>>> print(open('start.cif').read())   # mmCIF, C-alpha atoms and all ligand atoms
data_input
#
loop_
_atom_site.label_atom_id
_atom_site.label_comp_id
_atom_site.auth_asym_id
_atom_site.auth_seq_id
_atom_site.Cartn_x
_atom_site.Cartn_y
_atom_site.Cartn_z
CA MET A 15 48.63 146.45 120.71
CA LEU A 16 45.29 146.82 122.40
CA VAL A 17 43.36 143.53 122.17
CA CYS A 18 40.37 144.20 124.39
CA HIS A 19 39.02 147.69 123.86
CA CYS A 20 36.27 147.30 126.44
CA ASN A 21 38.71 146.65 129.26
CA GLY A 22 41.88 148.22 127.86
CA VAL A 23 43.90 144.98 127.85
CA SER A 24 46.94 144.64 125.59
CA ASP A 25 48.24 141.59 123.74
CA LYS A 26 51.23 141.61 126.10
CA THR A 27 48.93 141.22 129.10
CA VAL A 28 46.95 138.42 127.40
CA ARG A 29 50.21 136.62 126.51
CA ARG A 30 51.40 136.93 130.11
CA ALA A 31 48.11 135.41 131.34
CA VAL A 32 48.56 132.46 128.95
CA ARG A 33 52.19 131.96 129.98
CA GLN A 34 51.05 131.91 133.59
CA GLY A 35 48.60 129.10 132.87
CA ALA A 36 45.40 130.44 131.30
CA GLN A 37 44.37 127.88 128.65
CA SER A 38 41.03 129.24 127.46
CA ALA A 39 39.40 132.59 126.74
CA ALA A 40 37.44 132.24 129.99
CA GLU A 41 40.64 131.69 131.98
CA VAL A 42 42.28 134.67 130.27
CA GLY A 43 39.23 136.71 131.21
CA ARG A 44 39.51 135.67 134.84
CA ALA A 45 43.24 136.44 134.83
CA CYS A 46 43.21 139.89 133.23
CA GLY A 47 39.65 140.87 132.32
CA ALA A 48 40.09 140.59 128.54
CA GLY A 49 36.98 139.35 126.74
CA THR A 50 34.62 139.75 129.67
CA CYS A 51 32.37 142.43 128.17
CA CYS A 52 31.23 142.38 124.50
CA GLN A 53 33.54 139.43 123.65
CA GLY A 54 34.42 141.02 120.32
CA CYS A 55 38.08 140.34 121.12
CA GLY A 56 37.42 136.61 121.66
CA PRO A 57 38.84 135.50 118.28
CA THR A 58 42.03 137.48 118.91
CA ILE A 59 42.37 136.04 122.41
CA ASN A 60 41.92 132.52 121.04
CA ARG A 61 44.56 133.23 118.37
CA ILE A 62 47.01 134.40 121.06
CA ILE A 63 46.29 131.27 123.13
CA ARG A 64 46.99 129.03 120.10
CA HIS A 65 50.15 130.96 119.23
CA GLU A 66 51.48 130.81 122.80
CA SER A 67 50.63 127.09 123.05
CA HIS A 68 52.64 126.37 119.88
CA ARG A 69 55.48 128.54 121.13
CA GLN A 70 55.60 126.72 124.48
CA ALA A 71 55.46 123.32 122.74
CA ASN A 72 58.33 124.30 120.42
CA THR A 73 60.35 125.61 123.37
CA SER A 74 59.86 122.30 125.18
CA VAL A 75 61.04 120.34 122.14
CA SER A 76 64.06 122.64 121.76
CA THR A 77 64.91 122.16 125.43
CA VAL A 78 64.67 118.37 125.14
CA ASP A 79 66.75 118.46 121.94
CA SER A 80 69.44 120.58 123.54
CA LEU A 81 69.51 118.34 126.62
CA ALA A 82 69.83 115.26 124.40
CA THR A 83 72.65 116.93 122.45
CA SER A 84 74.51 118.07 125.55
CA THR A 85 74.39 114.64 127.24
CA SER A 86 75.41 112.60 124.19
S1 LIG B 101 36.64 144.19 123.17
FE1 LIG B 101 37.13 142.72 124.66
S2 LIG B 101 35.28 142.39 125.73
FE2 LIG B 101 34.79 143.93 124.27
#
>>> encode(input="start.cif", output="structure tokens")
Amino acid sequence: MLVCHCNGVSDKTVRRAVRQGAQSAAEVGRACGAGTCCQGCGPTINRIIRHESHRQANTSVSTVDSLATSTS
């Protein structure tokens, strides 16, 4: 899905930028260009950042849980 129409950036590219460390819309913009023109896609970028942050947090908890289970 195209997130940033001004710069032709997809949600997949934005997600990749977040997974590689971008933690704000400005950092996503520096990483892939999304949101650097009219900023109309800013709310969508922020939603993707929140979603990816929750996903990463849940993955970390799952990893800790599985480590605790496998060592006990
Ligand atoms: S739609 Fe993303 S900067 Fe305009």
>>> residues_near_ligand(input="start.cif", ligand="ligand LIG 101 (chain B)", cutoff="8 Å", atoms="only C-alpha atoms and all ligand atoms", output="MDAnalysis selection string")
chainID A and resid 17:23 48:56
>>> atom_distance(input="start.cif", atom1="CA of Glu41 (chain A)", atom2="CA of Arg29 (chain A)")
12.1 Å
>>> atom_distance(input="start.cif", atom1="CA of Cys46 (chain A)", atom2="CA of Thr73 (chain A)")
24.4 Å
>>> closest_residue(input="start.cif", among="A:Ala71, A:Asn60, A:Val28, A:Leu16", to="Gly47 (chain A)", atoms="all atoms listed in the file")
A:Val28
>>> atom_distance(input="start.cif", atom1="CA of Ser74 (chain A)", atom2="CA of Ala36 (chain A)")
17.7 Å
>>> axis_aligned_box(input="start.cif", around="region 16-31 of chain A", padding_each_side="5 Å", output="JSON")
{"center_x": 43.8, "center_y": 141.8, "center_z": 126.8, "size_x": 25.1, "size_y": 22.8, "size_z": 19.2}
>>> closest_residue(input="start.cif", among="A:Ser24, A:His68, A:Arg61, A:Ala31", to="Arg44 (chain A)", atoms="all atoms listed in the file")
A:Ala31
>>> build_atoms(input="start.cif", residues="region 30-44 of chain A", atoms="N, CA and C atoms", output="PDB file, in the frame of the given file")
ATOM      1  N   ARG A  30      50.904 137.217 128.759  1.00  0.00           N
ATOM      2  CA  ARG A  30      51.400 136.930 130.110  1.00  0.00           C
ATOM      3  C   ARG A  30      50.426 136.005 130.844  1.00  0.00           C
ATOM      4  N   ALA A  31      49.119 136.253 130.691  1.00  0.00           N
ATOM      5  CA  ALA A  31      48.110 135.410 131.340  1.00  0.00           C
ATOM      6  C   ALA A  31      48.223 133.966 130.839  1.00  0.00           C
ATOM      7  N   VAL A  32      48.437 133.805 129.526  1.00  0.00           N
ATOM      8  CA  VAL A  32      48.560 132.460 128.950  1.00  0.00           C
ATOM      9  C   VAL A  32      49.827 131.791 129.456  1.00  0.00           C
ATOM     10  N   ARG A  33      50.920 132.532 129.497  1.00  0.00           N
ATOM     11  CA  ARG A  33      52.190 131.960 129.980  1.00  0.00           C
ATOM     12  C   ARG A  33      52.106 131.570 131.457  1.00  0.00           C
ATOM     13  N   GLN A  34      51.209 132.232 132.174  1.00  0.00           N
ATOM     14  CA  GLN A  34      51.050 131.910 133.590  1.00  0.00           C
ATOM     15  C   GLN A  34      49.988 130.831 133.811  1.00  0.00           C
ATOM     16  N   GLY A  35      49.459 130.257 132.710  1.00  0.00           N
ATOM     17  CA  GLY A  35      48.600 129.100 132.870  1.00  0.00           C
ATOM     18  C   GLY A  35      47.198 129.175 132.307  1.00  0.00           C
ATOM     19  N   ALA A  36      46.744 130.346 131.872  1.00  0.00           N
ATOM     20  CA  ALA A  36      45.400 130.440 131.300  1.00  0.00           C
ATOM     21  C   ALA A  36      45.372 129.667 129.983  1.00  0.00           C
ATOM     22  N   GLN A  37      44.412 128.745 129.834  1.00  0.00           N
ATOM     23  CA  GLN A  37      44.370 127.880 128.650  1.00  0.00           C
ATOM     24  C   GLN A  37      43.108 128.062 127.824  1.00  0.00           C
ATOM     25  N   SER A  38      42.250 128.982 128.227  1.00  0.00           N
ATOM     26  CA  SER A  38      41.030 129.240 127.460  1.00  0.00           C
ATOM     27  C   SER A  38      40.703 130.729 127.572  1.00  0.00           C
ATOM     28  N   ALA A  39      39.792 131.188 126.700  1.00  0.00           N
ATOM     29  CA  ALA A  39      39.400 132.590 126.740  1.00  0.00           C
ATOM     30  C   ALA A  39      38.785 132.933 128.096  1.00  0.00           C
ATOM     31  N   ALA A  40      38.042 131.999 128.679  1.00  0.00           N
ATOM     32  CA  ALA A  40      37.440 132.240 129.990  1.00  0.00           C
ATOM     33  C   ALA A  40      38.509 132.416 131.059  1.00  0.00           C
ATOM     34  N   GLU A  41      39.550 131.580 130.989  1.00  0.00           N
ATOM     35  CA  GLU A  41      40.640 131.690 131.980  1.00  0.00           C
ATOM     36  C   GLU A  41      41.427 132.980 131.784  1.00  0.00           C
ATOM     37  N   VAL A  42      41.610 133.386 130.527  1.00  0.00           N
ATOM     38  CA  VAL A  42      42.280 134.670 130.270  1.00  0.00           C
ATOM     39  C   VAL A  42      41.436 135.794 130.854  1.00  0.00           C
ATOM     40  N   GLY A  43      40.130 135.699 130.673  1.00  0.00           N
ATOM     41  CA  GLY A  43      39.230 136.710 131.210  1.00  0.00           C
ATOM     42  C   GLY A  43      39.326 136.810 132.729  1.00  0.00           C
ATOM     43  N   ARG A  44      39.383 135.658 133.380  1.00  0.00           N
ATOM     44  CA  ARG A  44      39.510 135.670 134.840  1.00  0.00           C
ATOM     45  C   ARG A  44      40.857 136.247 135.271  1.00  0.00           C
TER      46      ARG A  44
END
